[in-house]
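Engineer: Please find work17.cif (mmCIF, C-alpha atoms) on the next line:
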data_target
#
loop_
_atom_site.label_atom_id
_atom_site.label_comp_id
_atom_site.auth_asym_id
_atom_site.auth_seq_id
_atom_site.Cartn_x
_atom_site.Cartn_y
_atom_site.Cartn_z
CA MET A 10 -4.56 -12.82 -19.01
CA GLY A 11 -4.29 -9.13 -18.09
CA ALA A 12 -1.11 -7.35 -17.14
CA ARG A 13 0.29 -8.39 -13.81
CA THR A 14 0.33 -5.68 -11.18
CA LEU A 15 1.01 -5.38 -7.49
CA THR A 16 -1.96 -5.40 -5.17
CA ALA A 17 -2.28 -2.55 -2.71
CA PRO A 18 -1.38 -4.71 0.32
CA GLY A 19 1.53 -6.19 -1.63
CA ALA A 20 2.86 -2.73 -2.44
CA ALA A 21 2.59 -1.71 1.21
CA ALA A 22 4.52 -4.78 2.36
CA VAL A 23 7.22 -4.37 -0.27
CA ALA A 24 7.68 -0.68 0.57
CA LEU A 25 8.18 -1.44 4.27
CA TRP A 26 10.76 -4.12 3.52
CA VAL A 27 12.62 -2.13 0.85
CA ASP A 28 12.79 0.76 3.32
CA ALA A 29 14.23 -1.53 6.00
CA TRP A 30 16.70 -3.07 3.56
CA ALA A 31 17.86 0.33 2.27
CA GLY A 32 18.52 1.33 5.88
CA GLY A 33 20.53 -1.79 6.59
CA ALA A 34 17.85 -3.31 8.86
CA ALA A 35 16.77 -6.25 6.67
CA ALA A 36 18.61 -8.92 4.74
CA ALA A 37 18.53 -9.11 0.95
CA ASP A 38 17.18 -12.69 1.09
CA ASP A 39 14.28 -11.56 3.28
CA LEU A 40 13.44 -8.77 0.82
CA LEU A 41 13.51 -11.17 -2.13
CA THR A 42 11.15 -13.48 -0.23
CA VAL A 43 8.74 -10.58 0.29
CA LEU A 44 8.91 -9.67 -3.41
CA ALA A 45 8.05 -13.24 -4.35
CA ALA A 46 5.09 -13.31 -1.97
CA ALA A 47 3.79 -9.91 -3.09
CA ALA A 48 3.47 -10.97 -6.74
CA PRO A 49 3.45 -14.79 -6.76
CA ASP A 50 2.47 -15.09 -10.43
CA THR A 51 5.22 -12.74 -11.60
CA PRO A 52 8.62 -13.96 -12.81
CA LEU A 53 11.30 -13.14 -10.27
CA VAL A 54 13.26 -11.09 -12.78
CA LEU A 55 13.86 -7.42 -13.36
CA ALA A 56 12.46 -6.48 -16.77
CA GLY A 57 14.25 -3.81 -18.77
CA ALA A 58 14.95 -2.54 -22.25
CA ASP A 59 17.69 -5.14 -22.68
CA GLY A 60 15.53 -8.03 -21.53
CA ALA A 61 15.06 -9.73 -18.18
CA VAL A 62 17.90 -10.08 -15.70
CA PRO A 63 18.01 -11.77 -12.28
CA LEU A 64 16.07 -9.91 -9.61
CA ALA A 65 19.28 -9.39 -7.62
CA SER A 66 19.93 -6.64 -10.18
CA LEU A 67 17.03 -4.77 -8.60
CA LEU A 68 18.96 -4.47 -5.36
CA ARG A 69 21.98 -3.09 -7.21
CA GLY A 70 19.70 -0.63 -8.99
CA ILE A 71 18.30 0.61 -5.69
CA ARG A 72 21.82 1.04 -4.31
CA ASP A 73 22.98 2.84 -7.45
CA ALA A 74 20.05 5.26 -7.20
CA ASP A 75 21.08 6.23 -3.64
CA VAL A 76 17.64 5.31 -2.32
CA THR A 77 17.23 6.09 1.37
CA VAL A 78 13.50 5.46 1.94
CA ALA A 79 10.66 3.64 0.20
CA TRP A 80 7.00 4.57 0.32
CA PRO A 81 3.90 2.73 -0.94
CA LEU A 82 1.78 4.44 -3.58
CA LEU A 83 -1.79 3.15 -3.29
CA PRO A 84 -3.83 5.11 -5.84
CA ARG A 85 -7.57 4.70 -6.16
CA ALA A 86 -10.23 6.07 -8.47
CA GLY A 87 -10.05 9.84 -8.49
CA ARG A 88 -7.04 10.02 -6.18
CA ALA A 89 -3.42 9.33 -7.06
CA VAL A 90 -1.44 11.49 -4.63
CA GLY A 91 2.29 11.25 -5.23
CA TRP A 92 2.12 9.45 -8.56
CA PRO A 93 5.13 10.59 -10.67
CA ARG A 94 4.04 12.66 -13.64
CA ASP A 95 6.95 11.40 -15.74
CA VAL A 96 6.03 7.70 -15.43
CA PRO A 97 3.88 6.45 -18.32
CA GLY A 98 0.73 4.42 -17.83
CA PRO A 99 -2.20 4.66 -15.43
CA PRO A 100 -1.51 4.82 -11.68
CA SER A 101 -1.48 1.45 -9.92
CA PRO A 102 -0.11 0.14 -6.61
CA ALA A 103 3.66 0.61 -6.61
CA VAL A 104 6.63 1.56 -4.46
CA LEU A 105 8.22 4.98 -4.71
CA LEU A 106 11.96 4.93 -4.08
CA VAL A 107 13.19 8.20 -2.62
CA GLY A 108 16.67 9.60 -2.09
CA GLY A 109 17.99 12.10 0.41
CA GLY A 110 21.14 14.15 0.46
CA GLY A 111 19.16 17.37 0.77
CA PRO A 112 15.52 17.77 -0.26
CA LEU A 113 13.89 14.38 -0.69
CA LEU A 114 13.39 13.49 -4.33
CA ALA A 115 11.83 10.48 -6.01
CA ARG A 116 14.48 8.41 -7.76
CA ALA A 117 12.54 5.46 -9.20
CA LEU A 118 9.23 3.67 -9.20
CA LEU A 119 9.10 -0.06 -8.47
CA GLN A 120 6.20 -1.79 -10.23
CA VAL A 121 5.16 -5.19 -11.51
CA GLY A 122 4.52 -5.72 -15.22
CA PRO A 123 3.75 -8.65 -17.51
CA GLN A 124 7.43 -9.57 -17.88
CA GLY A 125 8.50 -9.14 -14.28
CA TRP A 126 9.44 -6.37 -11.86
CA GLN A 127 10.16 -2.95 -13.33
CA LEU A 128 12.34 -0.16 -11.98
CA THR A 129 11.39 3.06 -13.75
CA PRO A 130 13.54 6.16 -13.17
CA THR A 131 11.70 9.29 -12.08
CA HIS A 132 12.76 12.69 -10.81
CA VAL A 133 9.89 14.48 -9.11
CA GLY A 134 9.30 16.14 -5.77
CA VAL A 135 7.48 14.36 -2.98
CA GLU A 136 5.86 17.34 -1.26
CA ALA A 137 2.32 15.98 -1.67
CA LEU A 138 3.19 12.75 0.10
CA LEU A 139 5.06 14.53 2.87
CA ALA A 140 2.07 16.82 3.43
CA GLU A 141 -0.12 13.80 4.17
CA ALA A 142 2.41 11.93 6.35
CA LEU A 143 1.22 10.90 9.82
CA SER A 144 3.03 9.56 12.85
CA PRO A 145 1.72 6.28 14.28
CA ARG A 146 0.01 8.22 17.08
CA ALA A 147 -1.68 10.64 14.69
CA GLY A 148 -2.54 7.72 12.42
CA ALA A 149 -4.22 5.89 15.30
CA ARG A 150 -6.35 8.95 16.01
CA ARG A 151 -7.31 9.18 12.34
CA PHE A 152 -8.13 5.47 12.29
CA THR A 153 -10.54 5.90 15.21
CA GLU A 154 -12.16 8.92 13.58
CA LEU A 155 -12.73 7.06 10.33
CA LEU A 156 -14.28 4.06 12.08
CA ASP A 157 -16.52 6.24 14.23
CA ALA A 158 -17.82 8.15 11.22
CA ALA A 159 -18.37 4.96 9.21
CA ALA A 160 -20.16 3.26 12.09
CA ARG A 161 -22.62 6.14 12.34
CA ASP A 162 -23.17 6.05 8.58
CA LEU A 163 -23.81 2.31 8.46
CA ALA A 164 -26.02 2.46 11.53
CA ARG A 165 -28.07 5.16 9.82
CA LEU A 166 -28.44 2.97 6.76
CA GLY A 167 -29.13 -0.11 8.87
CA LEU A 168 -26.87 -2.12 6.59
CA GLU A 169 -23.93 -3.05 8.79
CA ARG A 170 -24.30 -6.85 8.45
CA ALA A 171 -21.30 -8.42 6.72
CA ALA A 172 -21.37 -11.17 4.14
CA PRO A 173 -21.93 -14.65 5.67
CA ARG A 174 -18.83 -16.43 4.33
CA ALA A 175 -15.19 -16.95 5.20
CA ALA A 176 -12.84 -14.04 4.64
CA THR A 177 -9.70 -13.98 2.49
CA PRO A 178 -7.38 -11.77 4.58
CA ARG A 179 -5.29 -10.19 1.81
CA TRP A 180 -4.15 -7.24 3.88
CA GLY A 181 -3.61 -9.18 7.07
CA ARG A 182 -1.56 -11.81 5.27
CA ALA A 183 0.58 -9.22 3.43
CA LEU A 184 1.28 -7.20 6.59
CA MET A 185 1.64 -10.12 8.98
CA ASP A 186 5.44 -10.28 8.87
CA LEU A 187 6.92 -6.80 9.12
CA PRO A 188 10.61 -5.86 9.24
CA PRO A 189 12.07 -6.54 12.69
CA THR A 190 12.86 -2.87 13.26
CA THR A 191 9.28 -1.70 12.64
CA ASP A 192 8.06 0.65 15.36
CA PRO A 193 5.72 -1.43 17.57
CA ALA A 194 3.11 1.34 17.48
CA LEU A 195 3.22 1.38 13.69
CA ALA A 196 3.02 -2.43 13.50
CA ALA A 197 0.00 -2.49 15.83
CA LEU A 198 -1.76 0.19 13.80
CA LEU A 199 -1.07 -1.55 10.48
CA HIS A 200 -2.46 -4.82 11.85
CA ARG A 201 -5.62 -3.05 13.06
CA ILE A 202 -6.11 -1.34 9.72
CA ALA A 203 -5.52 -4.60 7.85
CA ALA A 204 -8.17 -6.41 9.89
CA VAL A 205 -10.76 -3.76 9.11
CA VAL A 206 -9.89 -3.52 5.41
CA ASP A 207 -10.14 -7.31 5.06
CA ALA A 208 -13.57 -7.17 6.70
CA LEU A 209 -14.62 -4.41 4.32
CA GLU A 210 -13.55 -6.45 1.30
CA LEU A 211 -15.62 -9.33 2.60
CA ALA A 212 -18.62 -7.06 3.14
CA LEU A 213 -18.26 -5.58 -0.36
CA ALA A 214 -18.66 -9.05 -1.87
CA ASP A 215 -22.26 -9.14 -0.62
CA GLU A 216 -25.18 -6.73 -0.37
CA GLY A 217 -25.59 -7.37 3.35
CA ALA A 218 -29.05 -6.51 4.61
CA ALA A 219 -29.87 -4.28 1.65
CA VAL A 220 -33.36 -4.79 0.27
CA THR A 221 -33.51 -2.26 -2.56
CA ALA A 222 -30.97 -1.35 -5.22
CA GLY A 223 -30.68 2.10 -3.67
CA GLU A 224 -29.84 0.67 -0.27
CA ALA A 225 -27.23 -1.61 -1.84
CA ARG A 226 -25.62 1.33 -3.66
CA ALA A 227 -25.56 3.45 -0.49
CA ARG A 228 -24.00 0.63 1.51
CA ALA A 229 -21.38 -0.09 -1.15
CA ALA A 230 -20.51 3.62 -1.46
CA SER A 231 -19.97 3.89 2.29
CA LEU A 232 -17.81 0.77 2.40
CA HIS A 233 -15.77 1.80 -0.65
CA ARG A 234 -15.16 5.23 0.85
CA LEU A 235 -13.90 3.78 4.13
CA HIS A 236 -11.80 1.20 2.25
CA GLY A 237 -10.10 3.94 0.25
CA ASP A 238 -9.57 6.15 3.29
CA LEU A 239 -7.95 3.30 5.22
CA ALA A 240 -5.68 2.36 2.30
CA GLY A 241 -4.66 6.02 2.16
CA LEU A 242 -3.96 5.91 5.89
CA VAL A 243 -1.57 2.99 5.38
CA GLY A 244 0.39 5.11 2.92
CA ALA A 245 0.35 8.15 5.22
CA VAL A 246 1.75 6.30 8.23
CA ALA A 247 4.31 4.46 6.10
CA VAL A 248 5.65 7.82 4.93
CA GLY A 249 5.42 9.28 8.42
CA ALA A 250 7.40 6.43 9.93
CA THR A 251 10.41 7.26 7.74
CA MET A 252 10.36 10.87 8.90
CA VAL A 253 11.06 9.97 12.51
CA ALA A 254 14.61 10.92 13.44
#
Would you mind writing the file out in structure tokens?

Structural biologist:
Amino acid sequence: MGARTLTAPGAAAVALWVDAWAGGAAAADDLLTVLAAAAPDTPLVLAGADGAVPLASLLRGIRDADVTVAWPLLPRAGRAVGWPRDVPGPPSPAVLLVGGGGPLLARALLQVGPQGWQLTPTHVGVEALLAEALSPRAGARRFTELLDAAARDLARLGLERAAPRAATPRWGRALMDLPPTTDPALAALLHRIAAVVDALELALADEGAAVTAGEARARAASLHRLHGDLAGLVGAVAVGATMVA
């Protein structure tokens, strides 16, 4: 079995709940439930140099690091904006824990590994993530733009038919239950994005109406591009939501 890691939708859900918990708007038990759901095959322990300890130690670690906000990192091939340079290993879905008290600075990276959850200290700037942050309103405009452009592309290819089988709504399931203080506009946008990304993952499991290998490659490239752009949009609006006074 390969190393356990967070999925992208799992990282997004965890970041939203850690952010709410750090701000006093979510209960510790609710956060622990989200952690369990985000990585169901992972031991509910915090893995460290001295061995595994109960996951409640994670909450103490976040408090001790003076974390004020949490952002999802959703890297994809060729693009890993915000990934801390001082964290070893290849970029993978994770949660960046950020502290205030002046300029925002990354304090730790929350990941999932083979032995459980991992809290890795880091001390890097977050300018790249802040530069891409979007408000829910701006995110909704960007969402519409991405769908319009993709629709034209798929219509040109004539390959818009989705795979004829039931979907597994990974993103919709992960983002179904958001923290109670989530901005309604942000929640609505995240649910819309999740529905489209789940449909894209279903479509990517099939070649649709493609007849030739070239058509199949063109269709897959278009779907992968939109999938990555929408995952990036989730990260951008999650960061933007924490910047609202």

Engineer: Give the answer as one residue: which of A:Arg228, A:Arg116, A:Arg161, A:Arg179 has the shortest atom-to-atom distance to A:Val135, using all atoms listed in the file?

Structural biologist: A:Arg116

Engineer: Write out as a PDB file with C-alpha atoms, keeping the file's coordinate frame each polymer residue whose atoms come within 10 Å of A:Arg182, counting only C-alpha atoms; drop sequence neighbours fewer than 5 positions from it.

Structural biologist:
ATOM      1  CA  PRO A  18      -1.380  -4.710   0.320  1.00  0.00           C
ATOM      2  CA  GLY A  19       1.530  -6.190  -1.630  1.00  0.00           C
ATOM      3  CA  ALA A  22       4.520  -4.780   2.360  1.00  0.00           C
ATOM      4  CA  ALA A  46       5.090 -13.310  -1.970  1.00  0.00           C
ATOM      5  CA  THR A 177      -9.700 -13.980   2.490  1.00  0.00           C
ATOM      6  CA  HIS A 200      -2.460  -4.820  11.850  1.00  0.00           C
ATOM      7  CA  ALA A 203      -5.520  -4.600   7.850  1.00  0.00           C
ATOM      8  CA  ALA A 204      -8.170  -6.410   9.890  1.00  0.00           C
ATOM      9  CA  ASP A 207     -10.140  -7.310   5.060  1.00  0.00           C
TER      10      ASP A 207
END

Engineer: In Å, with one decimal, what is the gap from atom CA of A:Val205 to atom CA of A:Leu239?

Structural biologist: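 Computed distance, atom CA of A:Val205 to atom CA of A:Leu239, equals 8.5 Å.
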
Engineer: If the PyMOL selection byres ((chain A and resi 71-86) around 9) is run on the structure shown, which residues does it catch, given as a VMD selection string?

Structural biologist: chain A and resid 16 to 18 20 to 29 31 to 32 66 to 70 87 to 92 100 to 110 115 to 117 128 130 237 240 to 241 243 to 245 247 to 248 251

Engineer: Next, dump the selected residues to file, keeping only C-alpha atoms, as a compact mmCIF listing (two decimals), keeping the file's coordinate frame.

Structural biologist:
# COMPACT_ATOMS: atom_id res chain seq x y z
CA THR A 16 -1.96 -5.40 -5.17
CA ALA A 17 -2.28 -2.55 -2.71
CA PRO A 18 -1.38 -4.71 0.32
CA ALA A 20 2.86 -2.73 -2.44
CA ALA A 21 2.59 -1.71 1.21
CA ALA A 22 4.52 -4.78 2.36
CA VAL A 23 7.22 -4.37 -0.27
CA ALA A 24 7.68 -0.68 0.57
CA LEU A 25 8.18 -1.44 4.27
CA TRP A 26 10.76 -4.12 3.52
CA VAL A 27 12.62 -2.13 0.85
CA ASP A 28 12.79 0.76 3.32
CA ALA A 29 14.23 -1.53 6.00
CA ALA A 31 17.86 0.33 2.27
CA GLY A 32 18.52 1.33 5.88
CA SER A 66 19.93 -6.64 -10.18
CA LEU A 67 17.03 -4.77 -8.60
CA LEU A 68 18.96 -4.47 -5.36
CA ARG A 69 21.98 -3.09 -7.21
CA GLY A 70 19.70 -0.63 -8.99
CA GLY A 87 -10.05 9.84 -8.49
CA ARG A 88 -7.04 10.02 -6.18
CA ALA A 89 -3.42 9.33 -7.06
CA VAL A 90 -1.44 11.49 -4.63
CA GLY A 91 2.29 11.25 -5.23
CA TRP A 92 2.12 9.45 -8.56
CA PRO A 100 -1.51 4.82 -11.68
CA SER A 101 -1.48 1.45 -9.92
CA PRO A 102 -0.11 0.14 -6.61
CA ALA A 103 3.66 0.61 -6.61
CA VAL A 104 6.63 1.56 -4.46
CA LEU A 105 8.22 4.98 -4.71
CA LEU A 106 11.96 4.93 -4.08
CA VAL A 107 13.19 8.20 -2.62
CA GLY A 108 16.67 9.60 -2.09
CA GLY A 109 17.99 12.10 0.41
CA GLY A 110 21.14 14.15 0.46
CA ALA A 115 11.83 10.48 -6.01
CA ARG A 116 14.48 8.41 -7.76
CA ALA A 117 12.54 5.46 -9.20
CA LEU A 128 12.34 -0.16 -11.98
CA PRO A 130 13.54 6.16 -13.17
CA GLY A 237 -10.10 3.94 0.25
CA ALA A 240 -5.68 2.36 2.30
CA GLY A 241 -4.66 6.02 2.16
CA VAL A 243 -1.57 2.99 5.38
CA GLY A 244 0.39 5.11 2.92
CA ALA A 245 0.35 8.15 5.22
CA ALA A 247 4.31 4.46 6.10
CA VAL A 248 5.65 7.82 4.93
CA THR A 251 10.41 7.26 7.74

Engineer: So what do you get for atom CA of A:Asp95 versus atom CA of A:Glu141, distance-wise?

Structural biologist: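 Calculated distance between atom CA of A:Asp95 and atom CA of A:Glu141 is 21.3 Å.
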
Engineer: Can you list, as a ChimeraX atom specification, the residues that the PyMOL selection byres ((chain A and resi 149) around 12) selects here?

Structural biologist: /A:143-148,150-156,194-202,239,242-243,245-246

Engineer: To one decimal in Å, tell me the separation between atom CA of A:Leu184 and atom CA of A:Val133.

Structural biologist: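 So the answer is 28.1 Å.
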
Engineer: Choose the residue, out of A:Ala47, A:Arg94, A:Thr191, A:Ala183, that has the smallest atom-to-atom separation from A:Gln120; count only C-alpha atoms.

Structural biologist: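 The shortest atom-to-atom distance to A:Gln120 comes from A:Ala47.
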
Engineer: To verify the selection step, state as a PyMOL selection string which residues the PyMOL selection byres ((chain A and resi 49) around 12) yields on this input.

Structural biologist: chain A and resi 13-16+19+41-48+50-53+121+125-126+183

Engineer: I need stretch 128-139 of chain A from the structure I supplied, saved as a PDB file, in the first residue's frame with all heavy atoms retained.

Structural biologist:
ATOM      1  N   LEU A 128       2.287  17.301  11.617  1.00  0.00           N
ATOM      2  CA  LEU A 128       2.341  18.748  11.754  1.00  0.00           C
ATOM      3  C   LEU A 128       3.797  19.163  11.610  1.00  0.00           C
ATOM      4  O   LEU A 128       4.603  18.953  12.511  1.00  0.00           O
ATOM      5  CB  LEU A 128       1.786  19.156  13.125  1.00  0.00           C
ATOM      6  CG  LEU A 128       1.414  20.619  13.337  1.00  0.00           C
ATOM      7  CD1 LEU A 128       0.343  21.055  12.346  1.00  0.00           C
ATOM      8  CD2 LEU A 128       0.940  20.843  14.765  1.00  0.00           C
ATOM      9  N   THR A 129       4.135  19.710  10.453  1.00  0.00           N
ATOM     10  CA  THR A 129       5.519  20.036  10.130  1.00  0.00           C
ATOM     11  C   THR A 129       5.744  21.540  10.244  1.00  0.00           C
ATOM     12  O   THR A 129       5.093  22.321   9.534  1.00  0.00           O
ATOM     13  CB  THR A 129       5.872  19.591   8.698  1.00  0.00           C
ATOM     14  OG1 THR A 129       5.575  18.204   8.546  1.00  0.00           O
ATOM     15  CG2 THR A 129       7.347  19.843   8.398  1.00  0.00           C
ATOM     16  N   PRO A 130       6.644  21.982  11.126  1.00  0.00           N
ATOM     17  CA  PRO A 130       6.899  23.421  11.237  1.00  0.00           C
ATOM     18  C   PRO A 130       7.439  23.997   9.931  1.00  0.00           C
ATOM     19  O   PRO A 130       8.179  23.336   9.197  1.00  0.00           O
ATOM     20  CB  PRO A 130       7.957  23.503  12.346  1.00  0.00           C
ATOM     21  CG  PRO A 130       7.821  22.216  13.102  1.00  0.00           C
ATOM     22  CD  PRO A 130       7.430  21.186  12.079  1.00  0.00           C
ATOM     23  N   THR A 131       7.060  25.221   9.642  1.00  0.00           N
ATOM     24  CA  THR A 131       7.581  25.925   8.476  1.00  0.00           C
ATOM     25  C   THR A 131       7.538  27.413   8.774  1.00  0.00           C
ATOM     26  O   THR A 131       6.733  27.865   9.598  1.00  0.00           O
ATOM     27  CB  THR A 131       6.767  25.606   7.209  1.00  0.00           C
ATOM     28  OG1 THR A 131       7.316  26.317   6.097  1.00  0.00           O
ATOM     29  CG2 THR A 131       5.307  26.006   7.357  1.00  0.00           C
ATOM     30  N   HIS A 132       8.399  28.154   8.146  1.00  0.00           N
ATOM     31  CA  HIS A 132       8.472  29.596   8.391  1.00  0.00           C
ATOM     32  C   HIS A 132       8.743  30.291   7.062  1.00  0.00           C
ATOM     33  O   HIS A 132       9.883  30.664   6.761  1.00  0.00           O
ATOM     34  CB  HIS A 132       9.559  29.938   9.415  1.00  0.00           C
ATOM     35  CG  HIS A 132       9.341  29.275  10.743  1.00  0.00           C
ATOM     36  ND1 HIS A 132       9.808  28.006  11.024  1.00  0.00           N
ATOM     37  CD2 HIS A 132       8.674  29.685  11.848  1.00  0.00           C
ATOM     38  CE1 HIS A 132       9.466  27.668  12.258  1.00  0.00           C
ATOM     39  NE2 HIS A 132       8.772  28.678  12.772  1.00  0.00           N
ATOM     40  N   VAL A 133       7.705  30.442   6.268  1.00  0.00           N
ATOM     41  CA  VAL A 133       7.842  31.087   4.961  1.00  0.00           C
ATOM     42  C   VAL A 133       6.740  32.118   4.808  1.00  0.00           C
ATOM     43  O   VAL A 133       5.717  32.092   5.489  1.00  0.00           O
ATOM     44  CB  VAL A 133       7.763  30.054   3.811  1.00  0.00           C
ATOM     45  CG1 VAL A 133       8.900  29.050   3.890  1.00  0.00           C
ATOM     46  CG2 VAL A 133       6.419  29.327   3.825  1.00  0.00           C
ATOM     47  N   GLY A 134       6.963  33.042   3.871  1.00  0.00           N
ATOM     48  CA  GLY A 134       5.942  34.032   3.568  1.00  0.00           C
ATOM     49  C   GLY A 134       4.798  33.430   2.772  1.00  0.00           C
ATOM     50  O   GLY A 134       4.911  32.338   2.213  1.00  0.00           O
ATOM     51  N   VAL A 135       3.705  34.140   2.735  1.00  0.00           N
ATOM     52  CA  VAL A 135       2.510  33.627   2.048  1.00  0.00           C
ATOM     53  C   VAL A 135       2.043  34.597   0.968  1.00  0.00           C
ATOM     54  O   VAL A 135       0.876  34.602   0.583  1.00  0.00           O
ATOM     55  CB  VAL A 135       1.380  33.377   3.069  1.00  0.00           C
ATOM     56  CG1 VAL A 135       1.764  32.244   4.015  1.00  0.00           C
ATOM     57  CG2 VAL A 135       1.046  34.643   3.861  1.00  0.00           C
ATOM     58  N   GLU A 136       2.972  35.389   0.443  1.00  0.00           N
ATOM     59  CA  GLU A 136       2.602  36.418  -0.528  1.00  0.00           C
ATOM     60  C   GLU A 136       1.963  35.832  -1.779  1.00  0.00           C
ATOM     61  O   GLU A 136       1.017  36.403  -2.344  1.00  0.00           O
ATOM     62  CB  GLU A 136       3.835  37.240  -0.915  1.00  0.00           C
ATOM     63  CG  GLU A 136       4.411  38.090   0.200  1.00  0.00           C
ATOM     64  CD  GLU A 136       5.302  37.297   1.154  1.00  0.00           C
ATOM     65  OE1 GLU A 136       5.549  36.099   0.874  1.00  0.00           O
ATOM     66  OE2 GLU A 136       5.745  37.851   2.171  1.00  0.00           O
ATOM     67  N   ALA A 137       2.477  34.678  -2.242  1.00  0.00           N
ATOM     68  CA  ALA A 137       1.946  34.090  -3.471  1.00  0.00           C
ATOM     69  C   ALA A 137       0.486  33.692  -3.308  1.00  0.00           C
ATOM     70  O   ALA A 137      -0.327  33.876  -4.223  1.00  0.00           O
ATOM     71  CB  ALA A 137       2.782  32.873  -3.879  1.00  0.00           C
ATOM     72  N   LEU A 138       0.143  33.150  -2.150  1.00  0.00           N
ATOM     73  CA  LEU A 138      -1.244  32.774  -1.912  1.00  0.00           C
ATOM     74  C   LEU A 138      -2.139  34.001  -1.768  1.00  0.00           C
ATOM     75  O   LEU A 138      -3.261  34.035  -2.280  1.00  0.00           O
ATOM     76  CB  LEU A 138      -1.339  31.916  -0.648  1.00  0.00           C
ATOM     77  CG  LEU A 138      -0.776  30.493  -0.773  1.00  0.00           C
ATOM     78  CD1 LEU A 138      -0.676  29.850   0.601  1.00  0.00           C
ATOM     79  CD2 LEU A 138      -1.640  29.650  -1.698  1.00  0.00           C
ATOM     80  N   LEU A 139      -1.654  35.015  -1.087  1.00  0.00           N
ATOM     81  CA  LEU A 139      -2.435  36.235  -0.929  1.00  0.00           C
ATOM     82  C   LEU A 139      -2.679  36.911  -2.274  1.00  0.00           C
ATOM     83  O   LEU A 139      -3.742  37.491  -2.504  1.00  0.00           O
ATOM     84  CB  LEU A 139      -1.724  37.198   0.021  1.00  0.00           C
ATOM     85  CG  LEU A 139      -1.709  36.784   1.493  1.00  0.00           C
ATOM     86  CD1 LEU A 139      -0.839  37.740   2.297  1.00  0.00           C
ATOM     87  CD2 LEU A 139      -3.121  36.751   2.053  1.00  0.00           C
TER      88      LEU A 139
END
